[in-house]
file work_32.cif (mmCIF, C-alpha atoms)
data_upload
#
loop_
_atom_site.label_atom_id
_atom_site.label_comp_id
_atom_site.auth_asym_id
_atom_site.auth_seq_id
_atom_site.Cartn_x
_atom_site.Cartn_y
_atom_site.Cartn_z
CA MET A 1 10.25 7.24 95.25
CA ALA A 2 12.52 7.21 92.23
CA GLY A 3 13.60 10.57 90.97
CA THR A 4 13.21 12.49 94.18
CA ALA A 5 16.04 14.08 96.12
CA LEU A 6 17.77 12.15 98.83
CA ARG A 7 16.62 13.33 102.21
CA GLY A 8 18.62 13.13 105.35
CA ARG A 9 22.37 13.07 105.71
CA LEU A 10 24.38 13.02 102.56
CA THR A 11 27.23 10.63 102.59
CA TRP A 12 30.39 10.74 100.55
CA GLN A 13 30.77 7.80 98.26
CA ILE A 14 33.20 6.51 95.70
CA ALA A 15 32.13 6.68 92.08
CA MET A 16 33.94 5.17 89.12
CA VAL A 17 34.65 7.21 86.02
CA ASP A 18 32.93 5.53 83.12
CA THR A 19 33.81 7.84 80.22
CA VAL A 20 35.33 11.24 79.66
CA THR A 21 34.42 13.31 76.61
CA ASP A 22 35.90 16.64 75.56
CA GLU A 23 33.16 19.16 74.83
CA THR A 24 35.49 22.07 74.04
CA ALA A 25 39.20 22.73 74.55
CA ARG A 26 38.52 23.63 78.19
CA VAL A 27 35.40 21.65 79.02
CA ARG A 28 34.97 17.95 79.60
CA THR A 29 31.99 15.75 80.40
CA ILE A 30 32.61 12.97 82.91
CA VAL A 31 30.11 10.12 83.05
CA LEU A 32 30.16 8.35 86.39
CA ASP A 33 29.09 5.01 87.72
CA VAL A 34 27.70 5.79 91.18
CA PRO A 35 26.65 2.59 92.97
CA GLN A 36 24.46 4.21 95.64
CA TRP A 37 22.79 6.89 93.55
CA PRO A 38 19.23 7.62 94.68
CA GLY A 39 18.27 9.38 91.44
CA HIS A 40 18.32 13.08 90.73
CA ARG A 41 16.14 15.85 89.36
CA ALA A 42 17.00 18.07 86.40
CA GLY A 43 19.01 21.05 87.66
CA GLN A 44 20.44 19.49 90.81
CA HIS A 45 24.15 19.32 91.52
CA LEU A 46 26.66 17.20 93.36
CA ASP A 47 29.78 17.86 95.40
CA VAL A 48 33.14 16.44 94.38
CA ARG A 49 35.94 16.06 96.95
CA LEU A 50 39.60 15.60 96.15
CA THR A 51 42.04 14.61 98.89
CA ALA A 52 45.76 15.23 98.48
CA GLU A 53 48.40 12.86 99.83
CA ASP A 54 48.99 15.19 102.78
CA GLY A 55 45.30 15.09 103.65
CA TYR A 56 44.41 18.52 102.23
CA ARG A 57 40.90 18.44 100.83
CA ALA A 58 39.17 20.57 98.25
CA GLU A 59 35.45 20.39 97.53
CA ARG A 60 33.56 21.78 94.57
CA SER A 61 29.97 21.67 93.50
CA TYR A 62 29.06 20.75 89.92
CA SER A 63 25.75 20.73 88.15
CA ILE A 64 24.56 17.35 86.98
CA ALA A 65 24.59 17.36 83.19
CA SER A 66 22.43 14.31 82.61
CA ALA A 67 18.68 13.89 82.78
CA PRO A 68 16.99 11.92 85.54
CA GLY A 69 17.26 8.26 84.67
CA GLU A 70 20.49 8.68 82.73
CA PRO A 71 23.89 7.81 84.19
CA VAL A 72 25.22 10.59 86.40
CA ALA A 73 27.37 13.01 84.42
CA ILE A 74 29.07 16.31 85.19
CA THR A 75 30.49 18.79 82.73
CA VAL A 76 33.50 20.65 84.08
CA GLU A 77 35.23 23.76 82.75
CA ARG A 78 38.96 23.98 83.40
CA LEU A 79 40.06 27.05 85.32
CA ASP A 80 43.81 27.38 85.00
CA ASP A 81 44.25 28.54 88.59
CA GLY A 82 41.69 26.07 89.93
CA GLU A 83 42.41 23.42 92.54
CA VAL A 84 39.96 20.84 91.30
CA SER A 85 38.99 21.50 87.69
CA PRO A 86 42.49 20.96 86.16
CA TYR A 87 42.54 17.49 87.69
CA LEU A 88 39.02 16.67 86.55
CA THR A 89 39.56 17.93 83.00
CA GLN A 90 43.13 16.82 82.37
CA GLU A 91 44.14 13.98 84.69
CA LEU A 92 41.04 11.94 85.35
CA ARG A 93 40.64 8.84 83.17
CA ALA A 94 38.03 6.16 82.65
CA GLY A 95 38.31 3.63 85.46
CA ASP A 96 39.53 6.20 88.01
CA GLU A 97 37.66 6.70 91.26
CA LEU A 98 36.13 9.96 92.38
CA GLU A 99 34.64 10.88 95.75
CA LEU A 100 31.27 12.62 95.56
CA ARG A 101 27.97 13.20 97.31
CA GLY A 102 24.58 14.17 96.01
CA PRO A 103 22.16 14.96 94.60
CA ILE A 104 21.87 18.40 96.17
CA GLY A 105 19.43 21.27 95.73
CA GLY A 106 15.71 21.65 95.29
CA TYR A 107 15.33 25.23 94.11
CA PHE A 108 16.90 25.27 90.66
CA VAL A 109 15.08 22.22 89.38
CA TRP A 110 12.55 21.74 86.65
CA GLU A 111 9.85 19.10 86.34
CA PRO A 112 7.65 18.54 83.29
CA GLU A 113 4.63 19.18 85.55
CA ASP A 114 5.76 22.77 86.15
CA ASP A 115 3.48 25.09 84.26
CA GLY A 116 4.30 27.66 81.61
CA PRO A 117 6.61 27.66 78.63
CA LEU A 118 10.22 27.09 79.61
CA MET A 119 12.71 29.95 79.16
CA LEU A 120 16.33 28.93 79.68
CA VAL A 121 19.12 31.50 79.70
CA ALA A 122 22.73 30.33 79.99
CA GLY A 123 26.12 31.99 80.07
CA GLY A 124 29.16 29.79 79.41
CA SER A 125 29.16 26.63 81.50
CA GLY A 126 25.82 27.74 82.95
CA ILE A 127 24.37 25.63 80.15
CA VAL A 128 25.03 22.43 82.12
CA PRO A 129 21.94 22.23 84.38
CA LEU A 130 19.79 23.65 81.58
CA ARG A 131 20.96 20.86 79.28
CA ALA A 132 19.79 18.39 81.92
CA MET A 133 16.38 20.10 81.81
CA LEU A 134 16.19 19.94 78.01
CA ARG A 135 17.13 16.27 78.04
CA HIS A 136 14.59 15.61 80.78
CA ARG A 137 11.94 17.42 78.74
CA GLN A 138 12.72 15.26 75.74
CA ARG A 139 12.99 11.95 77.59
CA SER A 140 9.75 12.55 79.45
CA GLY A 141 7.87 13.31 76.23
CA SER A 142 6.88 16.73 77.55
CA ALA A 143 5.14 19.01 75.07
CA ILE A 144 5.99 22.16 77.02
CA PRO A 145 7.55 24.58 74.54
CA ALA A 146 11.07 25.64 75.45
CA ARG A 147 13.45 28.35 74.38
CA LEU A 148 17.15 28.48 75.18
CA LEU A 149 19.24 31.62 74.89
CA TYR A 150 22.87 30.64 75.27
CA SER A 151 25.76 33.10 75.44
CA SER A 152 29.33 32.01 74.71
CA ARG A 153 32.49 33.90 73.86
CA THR A 154 33.25 32.22 70.55
CA LEU A 155 31.85 29.31 68.55
CA PRO A 156 34.52 26.84 69.77
CA ASP A 157 33.44 27.70 73.33
CA VAL A 158 29.87 26.47 72.74
CA ILE A 159 29.36 23.42 74.94
CA TYR A 160 27.09 20.60 73.64
CA GLN A 161 27.16 22.24 70.23
CA SER A 162 26.02 19.29 68.15
CA GLU A 163 23.38 18.22 70.68
CA LEU A 164 21.91 21.72 70.85
CA SER A 165 21.79 21.97 67.07
CA ARG A 166 19.67 18.81 66.90
CA TYR A 167 16.83 19.99 69.14
CA ALA A 168 13.58 20.57 67.31
CA ASP A 169 9.98 19.78 68.12
CA GLY A 170 9.14 22.57 70.52
CA VAL A 171 12.65 23.66 71.43
CA GLU A 172 14.12 26.86 69.98
CA VAL A 173 17.83 27.37 70.57
CA THR A 174 19.42 30.78 70.08
CA CYS A 175 23.15 31.18 70.52
CA THR A 176 24.88 34.51 70.88
CA LEU A 177 28.64 34.91 70.56
CA THR A 178 30.06 37.81 72.52
CA ARG A 179 33.67 38.05 71.39
CA GLN A 180 34.00 36.72 67.90
CA GLN A 181 31.64 35.42 65.28
CA PRO A 182 32.85 33.15 62.48
CA PRO A 183 32.24 34.12 58.85
CA GLY A 184 28.69 33.31 57.88
CA TRP A 185 27.46 33.18 61.50
CA THR A 186 23.68 33.34 61.48
CA GLY A 187 23.16 33.43 65.23
CA ARG A 188 23.22 36.47 67.46
CA ALA A 189 26.24 38.59 68.34
CA GLY A 190 26.99 40.45 71.54
CA ARG A 191 26.06 40.15 75.17
CA VAL A 192 22.68 39.25 76.55
CA ASP A 193 21.00 42.59 77.14
CA ALA A 194 17.48 43.93 77.38
CA LYS A 195 17.10 44.17 73.62
CA LEU A 196 18.25 40.61 72.94
CA LEU A 197 16.11 39.25 75.76
CA SER A 198 13.05 41.06 74.41
CA GLU A 199 13.63 39.61 70.95
CA VAL A 200 14.37 36.03 71.94
CA CYS A 201 12.50 35.30 75.16
CA TRP A 202 8.87 34.35 75.64
CA PRO A 203 6.72 37.39 76.28
CA ALA A 204 5.70 37.69 79.92
CA ALA A 205 2.06 37.42 78.89
CA VAL A 206 2.38 33.67 78.28
CA SER A 207 3.53 33.13 81.91
CA PRO A 208 6.90 31.55 81.20
CA LEU A 209 9.04 29.88 83.83
CA ALA A 210 12.66 31.02 83.51
CA TYR A 211 15.93 29.48 84.64
CA VAL A 212 19.08 31.58 84.41
CA CYS A 213 22.51 30.08 85.05
CA GLY A 214 26.03 31.34 84.53
CA PRO A 215 28.66 33.60 86.03
CA THR A 216 27.33 35.94 88.74
CA SER A 217 27.40 39.12 86.66
CA PHE A 218 25.71 37.38 83.73
CA VAL A 219 22.95 35.96 85.92
CA GLU A 220 22.23 39.27 87.61
CA ALA A 221 22.03 41.13 84.29
CA ALA A 222 19.89 38.49 82.59
CA ALA A 223 17.53 38.02 85.54
CA ALA A 224 17.07 41.77 85.90
CA GLY A 225 16.39 41.94 82.16
CA LEU A 226 13.68 39.28 82.39
CA VAL A 227 12.04 41.04 85.32
CA GLY A 228 12.23 44.20 83.21
CA LEU A 229 10.26 42.37 80.52
CA GLY A 230 7.54 41.71 83.07
CA TYR A 231 8.52 38.25 84.34
CA PRO A 232 7.50 38.01 88.01
CA PRO A 233 10.69 37.61 90.11
CA HIS A 234 9.46 34.32 91.57
CA ARG A 235 9.21 32.90 88.02
CA VAL A 236 12.90 33.65 87.35
CA LYS A 237 15.07 31.05 89.06
CA THR A 238 18.76 31.80 89.20
CA GLU A 239 21.96 29.94 89.86
CA ARG A 240 25.30 31.73 90.00
CA PHE A 241 28.59 30.03 89.22
CA GLY A 242 30.75 32.91 90.42
CA ALA A 243 34.14 33.29 88.85
CA THR A 244 35.92 30.68 90.90
CA GLY A 245 34.83 27.55 89.13
CA GLY A 246 32.41 24.86 89.99
CA ARG A 247 29.64 27.09 91.05
CA MET B 1 34.03 39.94 95.72
CA GLN B 2 31.43 38.06 93.71
CA ALA B 3 28.46 36.63 95.52
CA LEU B 4 27.23 33.17 94.74
CA ASP B 5 23.80 32.07 95.90
CA GLY B 6 22.36 29.60 98.34
CA ASN B 7 22.44 26.83 95.75
CA ALA B 8 26.20 26.75 96.27
CA ILE B 9 25.94 25.65 99.89
CA GLY B 10 23.25 22.99 99.52
CA GLY B 11 25.68 20.27 100.59
CA LEU B 12 26.99 22.25 103.56
CA LEU B 13 23.43 22.97 104.71
CA ILE B 14 22.51 19.28 104.53
CA ASP B 15 25.59 18.59 106.70
CA VAL B 16 24.40 21.10 109.28
CA PHE B 17 20.62 20.71 109.22
CA GLY B 18 20.30 17.13 108.03
CA THR B 19 17.89 17.98 105.24
CA GLU B 20 17.59 19.83 101.96
CA MET B 21 17.45 23.53 102.88
CA THR B 22 17.71 25.53 99.65
CA THR B 23 13.93 25.77 99.23
CA VAL B 24 13.32 26.70 102.87
CA THR B 25 12.27 30.31 103.52
CA GLY B 26 14.43 32.48 105.75
CA THR B 27 13.59 35.93 107.10
CA CYS B 28 16.22 38.60 107.64
CA ALA B 29 16.31 39.92 111.21
CA GLY B 30 17.57 43.23 109.87
CA CYS B 31 15.01 44.24 107.24
CA GLY B 32 12.37 41.53 107.46
CA THR B 33 12.76 40.37 103.86
CA SER B 34 11.83 36.73 103.36
CA SER B 35 13.26 34.59 100.59
CA GLN B 36 14.25 31.06 99.85
CA VAL B 37 17.72 30.08 101.04
CA ALA B 38 18.72 29.48 97.40
CA GLU B 39 18.23 33.19 96.80
CA PHE B 40 20.51 34.41 99.60
CA ALA B 41 23.88 35.91 98.65
CA VAL B 42 26.72 33.59 99.59
CA TYR B 43 30.39 34.51 99.96
CA ARG B 44 32.81 31.63 100.21
CA GLN B 45 36.13 33.43 99.84
CA ALA B 46 36.25 34.38 103.51
CA PRO B 47 37.80 31.91 105.97
CA GLY B 48 34.33 30.49 106.24
CA THR B 49 31.02 30.90 104.49
CA VAL B 50 29.09 34.15 104.92
CA VAL B 51 25.45 34.37 103.87
CA ARG B 52 23.88 37.79 103.41
CA CYS B 53 20.45 39.25 102.74
CA ARG B 54 20.06 40.42 99.13
CA SER B 55 17.92 43.37 100.19
CA CYS B 56 19.95 44.95 103.01
CA SER B 57 23.24 42.97 102.96
CA SER B 58 22.90 42.04 106.63
CA ILE B 59 24.76 38.89 107.61
CA LEU B 60 22.21 36.09 108.01
CA MET B 61 24.36 33.03 108.59
CA VAL B 62 28.04 32.26 109.11
CA PHE B 63 29.61 28.81 108.88
CA VAL B 64 33.20 28.17 109.91
CA GLN B 65 34.78 24.75 109.72
CA VAL B 66 37.57 23.92 112.13
CA ARG B 67 39.11 20.45 112.40
CA GLY B 68 36.08 18.72 110.98
CA MET B 69 33.67 20.67 113.16
CA THR B 70 31.27 23.25 111.73
CA CYS B 71 30.50 26.33 113.84
CA VAL B 72 27.18 27.91 112.90
CA ASP B 73 25.94 31.44 113.63
CA LEU B 74 22.33 32.12 112.64
CA ARG B 75 21.74 35.32 114.61
CA GLY B 76 20.97 37.32 111.49
CA LEU B 77 17.86 35.28 110.79
CA ALA B 78 14.54 36.11 112.38
CA SER B 79 13.21 32.76 111.20
CA LEU B 80 14.18 29.82 109.08
CA GLY B 81 11.76 27.22 107.80
#

call {"tool": "encode", "arguments": {"input": "work_32.cif", "output": "C-alpha cells"}}
result
Amino acid sequence: MAGTALRGRLTWQIAMVDTVTDETARVRTIVLDVPQWPGHRAGQHLDVRLTAEDGYRAERSYSIASAPGEPVAITVERLDDGEVSPYLTQELRAGDELELRGPIGGYFVWEPEDDGPLMLVAGGSGIVPLRAMLRHRQRSGSAIPARLLYSSRTLPDVIYQSELSRYADGVEVTCTLTRQQPPGWTGRAGRVDAKLLSEVCWPAAVSPLAYVCGPTSFVEAAAAGLVGLGYPPHRVKTERFGATGGR
Amino acid sequence: MQALDGNAIGGLLIDVFGTEMTTVTGTCAGCGTSSQVAEFAVYRQAPGTVVRCRSCSSILMVFVQVRGMTCVDLRGLASLG
C-alpha cells in the first residue's frame, strides 16, 4: 500500500542528489532521487551512511522534510565538529550520490485521520519532521486545525521562514526568538516555558495531539510543560535530536 | 550525557529484529514500567548503544557492533512486543 512504512529488512541504496537549497547559513535542504523508495509517512526519518576511502563508516539519522508523495528531502544542520553534517551541508552537490536507507520509525508520525487539533512544538532543526506534517496536512486537504510553536535563537536561524509565513487556513504559526530579536519583531521572545506554552498552545480541553521535536533539553522541558497544562502524556509524542547532530 | 530516544535507533532495530520496532511496547524487568520503544532513553556515545528505562534508569537493551556483527543483550526487558 502506498504511503505505508517499509516492513522487513531495510536495505542501503544509492540515491542521487537532485537539488540542494540553503535554508539558513548553517542549514541546507537536500532533495533526493531515490529509485527504490517505498513511500514515507510524515515524521519518519532515514539513515545516511558515508564511507571514507579507508573504509571507515559514519551513519546518521535525519528526519524526512518532505510530505508523503513529494520527492524525498532531508534538511541538515551543520555541526562544526560533526563527521557527516559538514559534508552534507558544504560538499554535496546536485548529481552526487548518497547512500541511505529508510523510511524508518512509526511512533513520531502524523496522519490526517489522527483525531484532535494538532499542536506542534519545535526547537531549532526540530522543525524538520513537523514541517513534513504541515505539508502533509495541506496536501491532503485536511481541515484539522494546527498550531506550531517554533523556537529559534535568532531570526536568521529560522528554518523554512518564508514557507512558514505563508501558512494560513487553519494553521497558526508562532515563532519565539531566544537570543536576539530584530527591531520591530512582533513574535515572541525568550525560551519555551510554561507561560508561553499556556498562551500559545491548544487548551487540553480540546484534546489536542502534540508533537515535540528538538534538542533533548528542549523536548523534555516542552513536553513536561504540555503535560503540566493537562495534556495526557500519551498525547505528547516526542523526538529528541540530542546535541550531536542528526538526531 | 544527553539521552536520545528510541526513535534514534529505528534503523538499528530493523537490522536486528527485521521489522519496525519503535511502536512496540517493552516492559522493564527492573520496575515493570511499560512504554513504547520510541520512548526509551537511548545513549549512543558509549562504545555501543545503551537503552535505559525512563522511570528507573535500568539498562533494558545493549547493542554492540563488532566487525559487522551486532551483539544484542535484552536481559533488562521483561517483555518486548

call {"tool": "atom_distance", "arguments": {"input": "work_32.cif", "atom1": "CA of Thr176 in chain A", "atom2": "CA of Ser151 in chain A"}}
result
4.9 Å

call {"tool": "resolve_selection", "arguments": {"input": "work_32.cif", "expression": "the PyMOL selection byres ((chain B) within 8 of (chain A))", "output": "PDB file with C-alpha atoms, in the coordinates of the input"}}
result
ATOM      1  CA  GLN B   2      31.430  38.060  93.710  1.00  0.00           C
ATOM      2  CA  ALA B   3      28.460  36.630  95.520  1.00  0.00           C
ATOM      3  CA  LEU B   4      27.230  33.170  94.740  1.00  0.00           C
ATOM      4  CA  ASP B   5      23.800  32.070  95.900  1.00  0.00           C
ATOM      5  CA  ASN B   7      22.440  26.830  95.750  1.00  0.00           C
ATOM      6  CA  ALA B   8      26.200  26.750  96.270  1.00  0.00           C
ATOM      7  CA  GLY B  10      23.250  22.990  99.520  1.00  0.00           C
ATOM      8  CA  GLY B  11      25.680  20.270 100.590  1.00  0.00           C
ATOM      9  CA  ILE B  14      22.510  19.280 104.530  1.00  0.00           C
ATOM     10  CA  ASP B  15      25.590  18.590 106.700  1.00  0.00           C
ATOM     11  CA  GLY B  18      20.300  17.130 108.030  1.00  0.00           C
ATOM     12  CA  THR B  19      17.890  17.980 105.240  1.00  0.00           C
ATOM     13  CA  GLU B  20      17.590  19.830 101.960  1.00  0.00           C
ATOM     14  CA  MET B  21      17.450  23.530 102.880  1.00  0.00           C
ATOM     15  CA  THR B  22      17.710  25.530  99.650  1.00  0.00           C
ATOM     16  CA  THR B  23      13.930  25.770  99.230  1.00  0.00           C
ATOM     17  CA  ALA B  38      18.720  29.480  97.400  1.00  0.00           C
ATOM     18  CA  GLU B  39      18.230  33.190  96.800  1.00  0.00           C
TER      19      GLU B  39
END

call {"tool": "atom_distance", "arguments": {"input": "work_32.cif", "atom1": "CA of Gly55 in chain A", "atom2": "CA of Arg93 in chain A"}}
result
21.9 Å

call {"tool": "residues_around", "arguments": {"input": "work_32.cif", "residues": "Val64 in chain B", "least_positions_apart": "4", "cutoff": "10 Å", "atoms": "only C-alpha atoms", "output": "VMD selection string"}}
result
chain B and resid 46 to 50 68 to 73

call {"tool": "resolve_selection", "arguments": {"input": "work_32.cif", "expression": "the PyMOL selection byres ((chain A and resi 152) around 6)", "output": "list in words"}}
result
Gly124, Ser151, Arg153, Thr154, Val158 and Leu177 of chain A

call {"tool": "write_last_selection", "arguments": {"input": "work_32.cif", "atoms": "C-alpha atoms", "output": "PDB file, in the frame of the given file"}}
result
ATOM      1  CA  GLY A 124      29.160  29.790  79.410  1.00  0.00           C
ATOM      2  CA  SER A 151      25.760  33.100  75.440  1.00  0.00           C
ATOM      3  CA  ARG A 153      32.490  33.900  73.860  1.00  0.00           C
ATOM      4  CA  THR A 154      33.250  32.220  70.550  1.00  0.00           C
ATOM      5  CA  VAL A 158      29.870  26.470  72.740  1.00  0.00           C
ATOM      6  CA  LEU A 177      28.640  34.910  70.560  1.00  0.00           C
TER       7      LEU A 177
END

call {"tool": "residues_near_point", "arguments": {"input": "work_32.cif", "point": "(11.2, 40.7, 110.3)", "cutoff": "12 Å", "atoms": "only C-alpha atoms", "output": "VMD selection string"}}
result
chain B and resid 26 to 35 76 to 80

call {"tool": "write_last_selection", "arguments": {"input": "work_32.cif", "atoms": "C-alpha atoms", "output": "PDB file, keeping the file's coordinate frame"}}
result
ATOM      1  CA  GLY B  26      14.430  32.480 105.750  1.00  0.00           C
ATOM      2  CA  THR B  27      13.590  35.930 107.100  1.00  0.00           C
ATOM      3  CA  CYS B  28      16.220  38.600 107.640  1.00  0.00           C
ATOM      4  CA  ALA B  29      16.310  39.920 111.210  1.00  0.00           C
ATOM      5  CA  GLY B  30      17.570  43.230 109.870  1.00  0.00           C
ATOM      6  CA  CYS B  31      15.010  44.240 107.240  1.00  0.00           C
ATOM      7  CA  GLY B  32      12.370  41.530 107.460  1.00  0.00           C
ATOM      8  CA  THR B  33      12.760  40.370 103.860  1.00  0.00           C
ATOM      9  CA  SER B  34      11.830  36.730 103.360  1.00  0.00           C
ATOM     10  CA  SER B  35      13.260  34.590 100.590  1.00  0.00           C
ATOM     11  CA  GLY B  76      20.970  37.320 111.490  1.00  0.00           C
ATOM     12  CA  LEU B  77      17.860  35.280 110.790  1.00  0.00           C
ATOM     13  CA  ALA B  78      14.540  36.110 112.380  1.00  0.00           C
ATOM     14  CA  SER B  79      13.210  32.760 111.200  1.00  0.00           C
ATOM     15  CA  LEU B  80      14.180  29.820 109.080  1.00  0.00           C
TER      16      LEU B  80
END

call {"tool": "atom_distance", "arguments": {"input": "work_32.cif", "atom1": "CA of Ala222 in chain A", "atom2": "CA of Gly126 in chain A"}}
result
12.3 Å

call {"tool": "closest_residue", "arguments": {"input": "work_32.cif", "among": "A:Asp22, A:Asp33, A:Asp114, A:Glu91", "to": "Pro71 in chain A", "atoms": "all atoms listed in the file"}}
result
A:Asp33

call {"tool": "closest_residue", "arguments": {"input": "work_32.cif", "among": "A:Leu229, A:Leu118, A:Leu149, A:Ala73", "to": "Val20 in chain A", "atoms": "all atoms listed in the file"}}
result
A:Ala73

call {"tool": "residues_near_point", "arguments": {"input": "work_32.cif", "point": "(11.9, 37.6, 73.0)", "cutoff": "12 Å", "atoms": "only C-alpha atoms", "output": "list in words"}}
result
Met119, Leu120, Val121, Arg147, Leu148, Leu149, Glu172, Thr174, Val192, Asp193, Ala194, Lys195, Leu196, Leu197, Ser198, Glu199, Val200, Cys201, Trp202, Pro203, Ala204, Ala205, Val206, Pro208, Gly225, Leu226, Leu229, Gly230 and Tyr231 of chain A

call {"tool": "write_last_selection", "arguments": {"input": "work_32.cif", "atoms": "C-alpha atoms", "output": "PDB file, in the frame of the given file"}}
result
ATOM      1  CA  MET A 119      12.710  29.950  79.160  1.00  0.00           C
ATOM      2  CA  LEU A 120      16.330  28.930  79.680  1.00  0.00           C
ATOM      3  CA  VAL A 121      19.120  31.500  79.700  1.00  0.00           C
ATOM      4  CA  ARG A 147      13.450  28.350  74.380  1.00  0.00           C
ATOM      5  CA  LEU A 148      17.150  28.480  75.180  1.00  0.00           C
ATOM      6  CA  LEU A 149      19.240  31.620  74.890  1.00  0.00           C
ATOM      7  CA  GLU A 172      14.120  26.860  69.980  1.00  0.00           C
ATOM      8  CA  THR A 174      19.420  30.780  70.080  1.00  0.00           C
ATOM      9  CA  VAL A 192      22.680  39.250  76.550  1.00  0.00           C
ATOM     10  CA  ASP A 193      21.000  42.590  77.140  1.00  0.00           C
ATOM     11  CA  ALA A 194      17.480  43.930  77.380  1.00  0.00           C
ATOM     12  CA  LYS A 195      17.100  44.170  73.620  1.00  0.00           C
ATOM     13  CA  LEU A 196      18.250  40.610  72.940  1.00  0.00           C
ATOM     14  CA  LEU A 197      16.110  39.250  75.760  1.00  0.00           C
ATOM     15  CA  SER A 198      13.050  41.060  74.410  1.00  0.00           C
ATOM     16  CA  GLU A 199      13.630  39.610  70.950  1.00  0.00           C
ATOM     17  CA  VAL A 200      14.370  36.030  71.940  1.00  0.00           C
ATOM     18  CA  CYS A 201      12.500  35.300  75.160  1.00  0.00           C
ATOM     19  CA  TRP A 202       8.870  34.350  75.640  1.00  0.00           C
ATOM     20  CA  PRO A 203       6.720  37.390  76.280  1.00  0.00           C
ATOM     21  CA  ALA A 204       5.700  37.690  79.920  1.00  0.00           C
ATOM     22  CA  ALA A 205       2.060  37.420  78.890  1.00  0.00           C
ATOM     23  CA  VAL A 206       2.380  33.670  78.280  1.00  0.00           C
ATOM     24  CA  PRO A 208       6.900  31.550  81.200  1.00  0.00           C
ATOM     25  CA  GLY A 225      16.390  41.940  82.160  1.00  0.00           C
ATOM     26  CA  LEU A 226      13.680  39.280  82.390  1.00  0.00           C
ATOM     27  CA  LEU A 229      10.260  42.370  80.520  1.00  0.00           C
ATOM     28  CA  GLY A 230       7.540  41.710  83.070  1.00  0.00           C
ATOM     29  CA  TYR A 231       8.520  38.250  84.340  1.00  0.00           C
TER      30      TYR A 231
END

call {"tool": "resolve_selection", "arguments": {"input": "work_32.cif", "expression": "the PyMOL selection byres ((chain A and resi 64) around 9)", "output": "list in words"}}
result
His40, Arg41, Ala42, Gly43, Gln44, His45, Leu46, Tyr62, Ser63, Ala65, Ser66, Ala67, Val72, Ala73, Ile74, Thr75, Pro103, Val128, Pro129 and Ala132 of chain A

call {"tool": "closest_residue", "arguments": {"input": "work_32.cif", "among": "A:Leu155, A:Leu100, A:Thr89, A:Gln13", "to": "Pro183 in chain A", "atoms": "all atoms listed in the file"}}
result
A:Leu155

call {"tool": "closest_residue", "arguments": {"input": "work_32.cif", "among": "B:Val24, B:Gly6, B:Arg44, B:Val37", "to": "Gln65 in chain B", "atoms": "only C-alpha atoms"}}
result
B:Arg44

call {"tool": "closest_residue", "arguments": {"input": "work_32.cif", "among": "B:Gly81, B:Arg75, B:Phe17, B:Phe40", "to": "Arg52 in chain B", "atoms": "all atoms listed in the file"}}
result
B:Phe40

call {"tool": "closest_residue", "arguments": {"input": "work_32.cif", "among": "A:Ala168, A:Ala221, A:Leu98, A:Ala52", "to": "Val34 in chain A", "atoms": "only C-alpha atoms"}}
result
A:Leu98

call {"tool": "residues_around", "arguments": {"input": "work_32.cif", "residues": "Leu209 in chain A", "least_positions_apart": "3", "cutoff": "8 Å", "atoms": "all atoms listed in the file", "output": "list in words"}}
result
Asp115, Gly116, Pro117, Leu118, Met119, Arg235 and Val236 of chain A

call {"tool": "residues_around", "arguments": {"input": "work_32.cif", "residues": "range 77-87 of chain A", "least_positions_apart": "6", "cutoff": "9 Å", "atoms": "only C-alpha atoms", "output": "list of chain:residue names"}}
result
A:Thr24, A:Ala25, A:Arg26, A:Val27, A:Arg28, A:Thr29, A:Val48, A:Arg49, A:Leu50, A:Ala58, A:Glu59, A:Arg60, A:Ser125, A:Thr244, A:Gly245, A:Gly246

call {"tool": "build_atoms", "arguments": {"input": "work_32.cif", "residues": "range 58-68 of chain B", "atoms": "N, CA and C atoms", "output": "compact mmCIF listing (two decimals), in the coordinates of the input"}}
result
# COMPACT_ATOMS: atom_id res chain seq x y z
N SER B 58 22.62 42.52 105.28
CA SER B 58 22.90 42.04 106.63
C SER B 58 23.41 40.60 106.58
N ILE B 59 24.29 40.27 107.52
CA ILE B 59 24.76 38.89 107.61
C ILE B 59 23.66 38.03 108.24
N LEU B 60 23.27 36.98 107.54
CA LEU B 60 22.21 36.09 108.01
C LEU B 60 22.78 34.86 108.70
N MET B 61 23.78 34.28 108.07
CA MET B 61 24.36 33.03 108.59
C MET B 61 25.87 33.06 108.35
N VAL B 62 26.59 32.44 109.29
CA VAL B 62 28.04 32.26 109.11
C VAL B 62 28.37 30.81 109.48
N PHE B 63 29.16 30.19 108.63
CA PHE B 63 29.61 28.81 108.88
C PHE B 63 31.14 28.80 108.84
N VAL B 64 31.74 28.29 109.90
CA VAL B 64 33.20 28.17 109.91
C VAL B 64 33.54 26.73 110.27
N GLN B 65 34.41 26.13 109.46
CA GLN B 65 34.78 24.75 109.72
C GLN B 65 36.19 24.68 110.30
N VAL B 66 36.29 24.06 111.46
CA VAL B 66 37.57 23.92 112.13
C VAL B 66 37.75 22.47 112.54
N ARG B 67 38.79 21.85 112.05
CA ARG B 67 39.11 20.45 112.40
C ARG B 67 37.90 19.54 112.32
N GLY B 68 37.20 19.63 111.20
CA GLY B 68 36.08 18.72 110.98
C GLY B 68 34.80 19.11 111.70
